[in-house]
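*Asks:* Structure file final_4.pdb (PDB, C-alpha atoms, pLDDT in the B column) is given on the next line.
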```
ATOM      1  CA  MET C 221       0.024  24.227   6.744  1.00 94.00           C
ATOM      2  CA  ILE C 222       3.670  23.191   6.661  1.00 98.00           C
ATOM      3  CA  LEU C 223       6.053  25.938   7.687  1.00 98.00           C
ATOM      4  CA  GLY C 224       9.699  26.153   6.698  1.00 98.00           C
ATOM      5  CA  ILE C 225      12.287  27.846   4.549  1.00 98.00           C
ATOM      6  CA  GLU C 226      11.640  27.695   0.805  1.00 97.00           C
ATOM      7  CA  THR C 227       9.075  24.906   1.202  1.00 98.00           C
ATOM      8  CA  ASP C 228       7.349  23.473  -1.827  1.00 98.00           C
ATOM      9  CA  SER C 229       3.734  22.276  -1.980  1.00 97.00           C
ATOM     10  CA  CYS C 230       4.691  18.958  -0.321  1.00 97.00           C
ATOM     11  CA  GLY C 231       6.747  20.482   2.493  1.00 97.00           C
ATOM     12  CA  ARG C 232      10.243  19.850   1.177  1.00 98.00           C
ATOM     13  CA  CYS C 233      12.567  22.582   2.369  1.00 98.00           C
ATOM     14  CA  VAL C 234      15.974  24.074   1.739  1.00 98.00           C
ATOM     15  CA  HIS C 235      17.513  21.534   4.170  1.00 97.00           C
ATOM     16  CA  TYR C 236      15.717  18.331   3.115  1.00 95.00           C
ATOM     17  CA  HIS C 237      14.443  18.191  -0.444  1.00 94.00           C
ATOM     18  CA  ASN C 238      14.608  14.635  -1.740  1.00 96.00           C
ATOM     19  CA  GLU C 239      11.491  13.220  -3.385  1.00 96.00           C
ATOM     20  CA  ASN C 240      10.328  11.489  -0.179  1.00 97.00           C
ATOM     21  CA  ASP C 241      11.182  14.280   2.306  1.00 97.00           C
ATOM     22  CA  ILE C 242       7.494  15.074   2.739  1.00 98.00           C
ATOM     23  CA  ALA C 243       6.763  14.394   6.416  1.00 97.00           C
ATOM     24  CA  ALA C 244       6.242  17.539   8.487  1.00 97.00           C
ATOM     25  CA  LEU C 245       6.797  17.335  12.240  1.00 96.00           C
ATOM     26  CA  GLN C 246       4.940  19.128  14.999  1.00 97.00           C
ATOM     27  CA  CYS C 247       6.806  21.103  17.642  1.00 97.00           C
ATOM     28  CA  GLY C 248       5.671  20.290  21.158  1.00 96.00           C
ATOM     29  CA  GLN C 249       5.881  23.927  22.241  1.00 97.00           C
ATOM     30  CA  CYS C 250       4.301  25.970  19.433  1.00 97.00           C
ATOM     31  CA  LYS C 251       2.221  23.067  18.033  1.00 97.00           C
ATOM     32  CA  GLN C 252       3.003  24.095  14.439  1.00 98.00           C
ATOM     33  CA  TYR C 253       4.089  21.652  11.721  1.00 98.00           C
ATOM     34  CA  TYR C 254       7.510  22.323  10.207  1.00 98.00           C
ATOM     35  CA  ALA C 255       9.372  20.840   7.268  1.00 97.00           C
ATOM     36  CA  CYS C 256      12.296  20.087   9.612  1.00 96.00           C
ATOM     37  CA  PHE C 257      13.826  21.028  12.942  1.00 96.00           C
ATOM     38  CA  LYS C 258      16.408  23.239  11.230  1.00 97.00           C
ATOM     39  CA  CYS C 259      13.683  25.352   9.607  1.00 98.00           C
ATOM     40  CA  HIS C 260      11.848  25.555  12.929  1.00 98.00           C
ATOM     41  CA  ASP C 261      14.907  26.681  14.850  1.00 98.00           C
ATOM     42  CA  GLN C 262      15.761  29.343  12.254  1.00 98.00           C
ATOM     43  CA  LEU C 263      12.222  30.747  12.170  1.00 98.00           C
ATOM     44  CA  CYS C 264      11.193  30.548  15.850  1.00 98.00           C
ATOM     45  CA  ASP C 265      12.371  32.152  19.057  1.00 97.00           C
ATOM     46  CA  HIS C 266      12.633  28.733  20.749  1.00 97.00           C
ATOM     47  CA  GLN C 267      14.287  25.407  19.936  1.00 97.00           C
ATOM     48  CA  PHE C 268      12.233  22.524  18.514  1.00 97.00           C
ATOM     49  CA  VAL C 269      10.569  20.574  21.331  1.00 96.00           C
ATOM     50  CA  PRO C 270       9.900  16.863  20.654  1.00 95.00           C
ATOM     51  CA  MET C 271       6.292  15.687  20.686  1.00 93.00           C
ATOM     52  CA  ALA C 272       5.039  12.918  22.920  1.00 92.00           C
ATOM     53  CA  THR C 273       4.061   9.968  20.762  1.00 90.00           C
ATOM     54  CA  ALA C 274       1.100   8.812  22.859  1.00 89.00           C
ATOM     55  CA  ASN C 275      -2.331  10.210  21.994  1.00 89.00           C
ATOM     56  CA  SER C 276      -1.018  12.715  19.460  1.00 94.00           C
ATOM     57  CA  LYS C 277      -0.676  13.208  15.728  1.00 97.00           C
ATOM     58  CA  PRO C 278       2.819  14.665  15.491  1.00 97.00           C
ATOM     59  CA  VAL C 279       3.269  14.130  11.739  1.00 97.00           C
ATOM     60  CA  MET C 280       1.608  15.669   8.702  1.00 98.00           C
ATOM     61  CA  CYS C 281       1.873  14.066   5.275  1.00 98.00           C
ATOM     62  CA  GLY C 282       3.135  16.712   2.889  1.00 98.00           C
ATOM     63  CA  LYS C 283       1.290  15.212  -0.052  1.00 98.00           C
ATOM     64  CA  CYS C 284      -2.285  14.851   1.276  1.00 98.00           C
ATOM     65  CA  LYS C 285      -1.913  16.933   4.490  1.00 98.00           C
ATOM     66  CA  SER C 286      -3.364  14.152   6.666  1.00 98.00           C
ATOM     67  CA  LEU C 287      -2.288  14.088  10.313  1.00 98.00           C
ATOM     68  CA  LEU C 288      -0.646  10.845  11.402  1.00 97.00           C
ATOM     69  CA  THR C 289       0.037   9.110  14.676  1.00 96.00           C
ATOM     70  CA  TYR C 290       3.598   8.102  15.416  1.00 95.00           C
ATOM     71  CA  GLU C 291       2.665   4.469  14.761  1.00 95.00           C
ATOM     72  CA  GLN C 292       1.245   5.328  11.331  1.00 97.00           C
ATOM     73  CA  TYR C 293       4.342   7.372  10.481  1.00 96.00           C
ATOM     74  CA  GLN C 294       6.676   4.510  11.424  1.00 94.00           C
ATOM     75  CA  GLN C 295       5.380   2.570   8.392  1.00 95.00           C
ATOM     76  CA  TYR C 296       7.133   5.243   6.245  1.00 95.00           C
ATOM     77  CA  THR C 297       4.113   5.308   3.924  1.00 97.00           C
ATOM     78  CA  CYS C 298       1.088   7.534   4.370  1.00 98.00           C
ATOM     79  CA  PRO C 299      -1.926   5.315   5.132  1.00 98.00           C
ATOM     80  CA  PHE C 300      -4.203   7.830   3.380  1.00 98.00           C
ATOM     81  CA  CYS C 301      -2.437   8.573   0.057  1.00 98.00           C
ATOM     82  CA  GLN C 302       0.337   5.913   0.036  1.00 98.00           C
ATOM     83  CA  ALA C 303       3.089   8.525  -0.411  1.00 98.00           C
ATOM     84  CA  SER C 304       6.486   7.253   0.753  1.00 97.00           C
ATOM     85  CA  PHE C 305       8.384   8.996   3.537  1.00 97.00           C
ATOM     86  CA  ASN C 306      12.156   9.080   3.829  1.00 95.00           C
ATOM     87  CA  PRO C 307      13.216   6.158   6.081  1.00 93.00           C
ATOM     88  CA  ARG C 308      16.455   8.029   6.862  1.00 92.00           C
ATOM     89  CA  CYS C 309      14.369  10.406   8.984  1.00 88.00           C
ATOM     90  CA  ALA C 310      14.669   7.715  11.649  1.00 86.00           C
ATOM     91  CA  LEU C 311      18.165   9.119  12.217  1.00 89.00           C
ATOM     92  CA  HIS C 312      16.478  12.202  13.732  1.00 87.00           C
ATOM     93  CA  LYS C 313      13.882  10.334  15.778  1.00 91.00           C
ATOM     94  CA  ASP C 314      15.197  11.642  19.102  1.00 92.00           C
ATOM     95  CA  ILE C 315      14.870  15.250  17.912  1.00 92.00           C
ATOM     96  CA  TYR C 316      11.214  14.904  16.903  1.00 93.00           C
ATOM     97  CA  PHE C 317       9.683  12.414  19.321  1.00 94.00           C
ATOM     98  CA  LYS C 318       9.795  11.589  23.025  1.00 91.00           C
TER      99      LYS C 318
END
```
When written as structure tokens, how does the structure in this file appear?
*Replies:*
Amino acid sequence: MILGIETDSCGRCVHYHNENDIAALQCGQCKQYYACFKCHDQLCDHQFVPMATANSKPVMCGKCKSLLTYEQYQQYTCPFCQASFNPRCALHKDIYFK
């Protein structure tokens, strides 16, 4: 499940709602998948903690709900359903991944 504020069926939220804003990110502390760090920080009692990229699946495709490794996510296309992710999310890489 993708958590967030006013999320649609693909995980777009009130903060990020373009067609390809469908990658949910996992918080390293609560282990839940959120539409974005802003949603997480507004809904939780802790700040978003970046996930380690090794041996984890820190991304969920909002379209097919498959869990992705960081390497799979970096292709900006879901390897399972071929949905496109927003390449501008790379601007927030340091918030989501360590």
*Asks:* Near Tyr316 in chain C, within 10 Å and counting all atoms listed in the file, which residues show up once chain neighbours fewer than 3 positions away are dropped, as a ChimeraX atom specification?
*Replies:* /C:245-248,256-257,268-273,278-279,309-310,312-313
*Asks:* Measuring atom to atom with all atoms listed in the file, identify which of C:Lys277, C:Tyr293, C:Lys251, C:Gly282 is nearest to Cys233 in chain C.
*Replies:* C:Gly282
*Asks:* Would you please work out which residue, of C:Gln249, C:Gly224, C:Cys281, C:Gln294, is nearest to Gln267 in chain C when using all atoms listed in the file?
*Replies:*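 Selected residue with least distance to Gln267 in chain C: C:Gln249.
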*Asks:* Counting all atoms listed in the file, figure out which residue out of C:Leu288, C:Ile315, C:Met221, C:Cys301 gets nearest to Ser276 in chain C.
*Replies:*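 Under the stated criterion, the closest residue is C:Leu288.
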*Asks:* When distances are computed from all atoms listed in the file, which of C:Asn275, C:Cys259, C:Gln302, C:Gln252 shows the smallest separation from Arg232 in chain C?
*Replies:*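 Closest to Arg232 in chain C of all the choices is C:Cys259.
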*Asks:* Using all atoms listed in the file, which residues sit within 9 Å of Asn306 in chain C once same-chain residues fewer than 6 positions away are excluded, as a PDB file with C-alpha atoms, in the coordinates of the input?
*Replies:*
```pdb
ATOM      1  CA  ASN C 238      14.608  14.635  -1.740  1.00 96.00           C
ATOM      2  CA  GLU C 239      11.491  13.220  -3.385  1.00 96.00           C
ATOM      3  CA  ASN C 240      10.328  11.489  -0.179  1.00 97.00           C
ATOM      4  CA  ASP C 241      11.182  14.280   2.306  1.00 97.00           C
ATOM      5  CA  ILE C 242       7.494  15.074   2.739  1.00 98.00           C
ATOM      6  CA  ALA C 243       6.763  14.394   6.416  1.00 97.00           C
ATOM      7  CA  TYR C 296       7.133   5.243   6.245  1.00 95.00           C
ATOM      8  CA  THR C 297       4.113   5.308   3.924  1.00 97.00           C
TER       9      THR C 297
END
```
*Asks:* Between CA of Met280 in chain C and CA of Ala303 in chain C, what is the distance in Å, rounded to a tenth?
*Replies:*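 Separation of CA of Met280 in chain C and CA of Ala303 in chain C: 11.7 Å.
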*Asks:* Under the rule that all atoms listed in the file are counted, which of C:Lys318, C:Lys258, C:Arg308, C:His266 is the nearest residue to Leu223 in chain C?
*Replies:* C:Lys258
*Asks:* Could you check how far CA of Ile222 in chain C sits from CA of Ser304 in chain C, in Å to one decimal?
*Replies:*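 Those two atoms sit 17.2 Å apart.
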*Asks:* So, with all atoms listed in the file as the atoms that count, which of C:Pro307, C:Phe317, C:Cys230, C:Tyr253 lies closest to Leu287 in chain C?
*Replies:* C:Tyr253
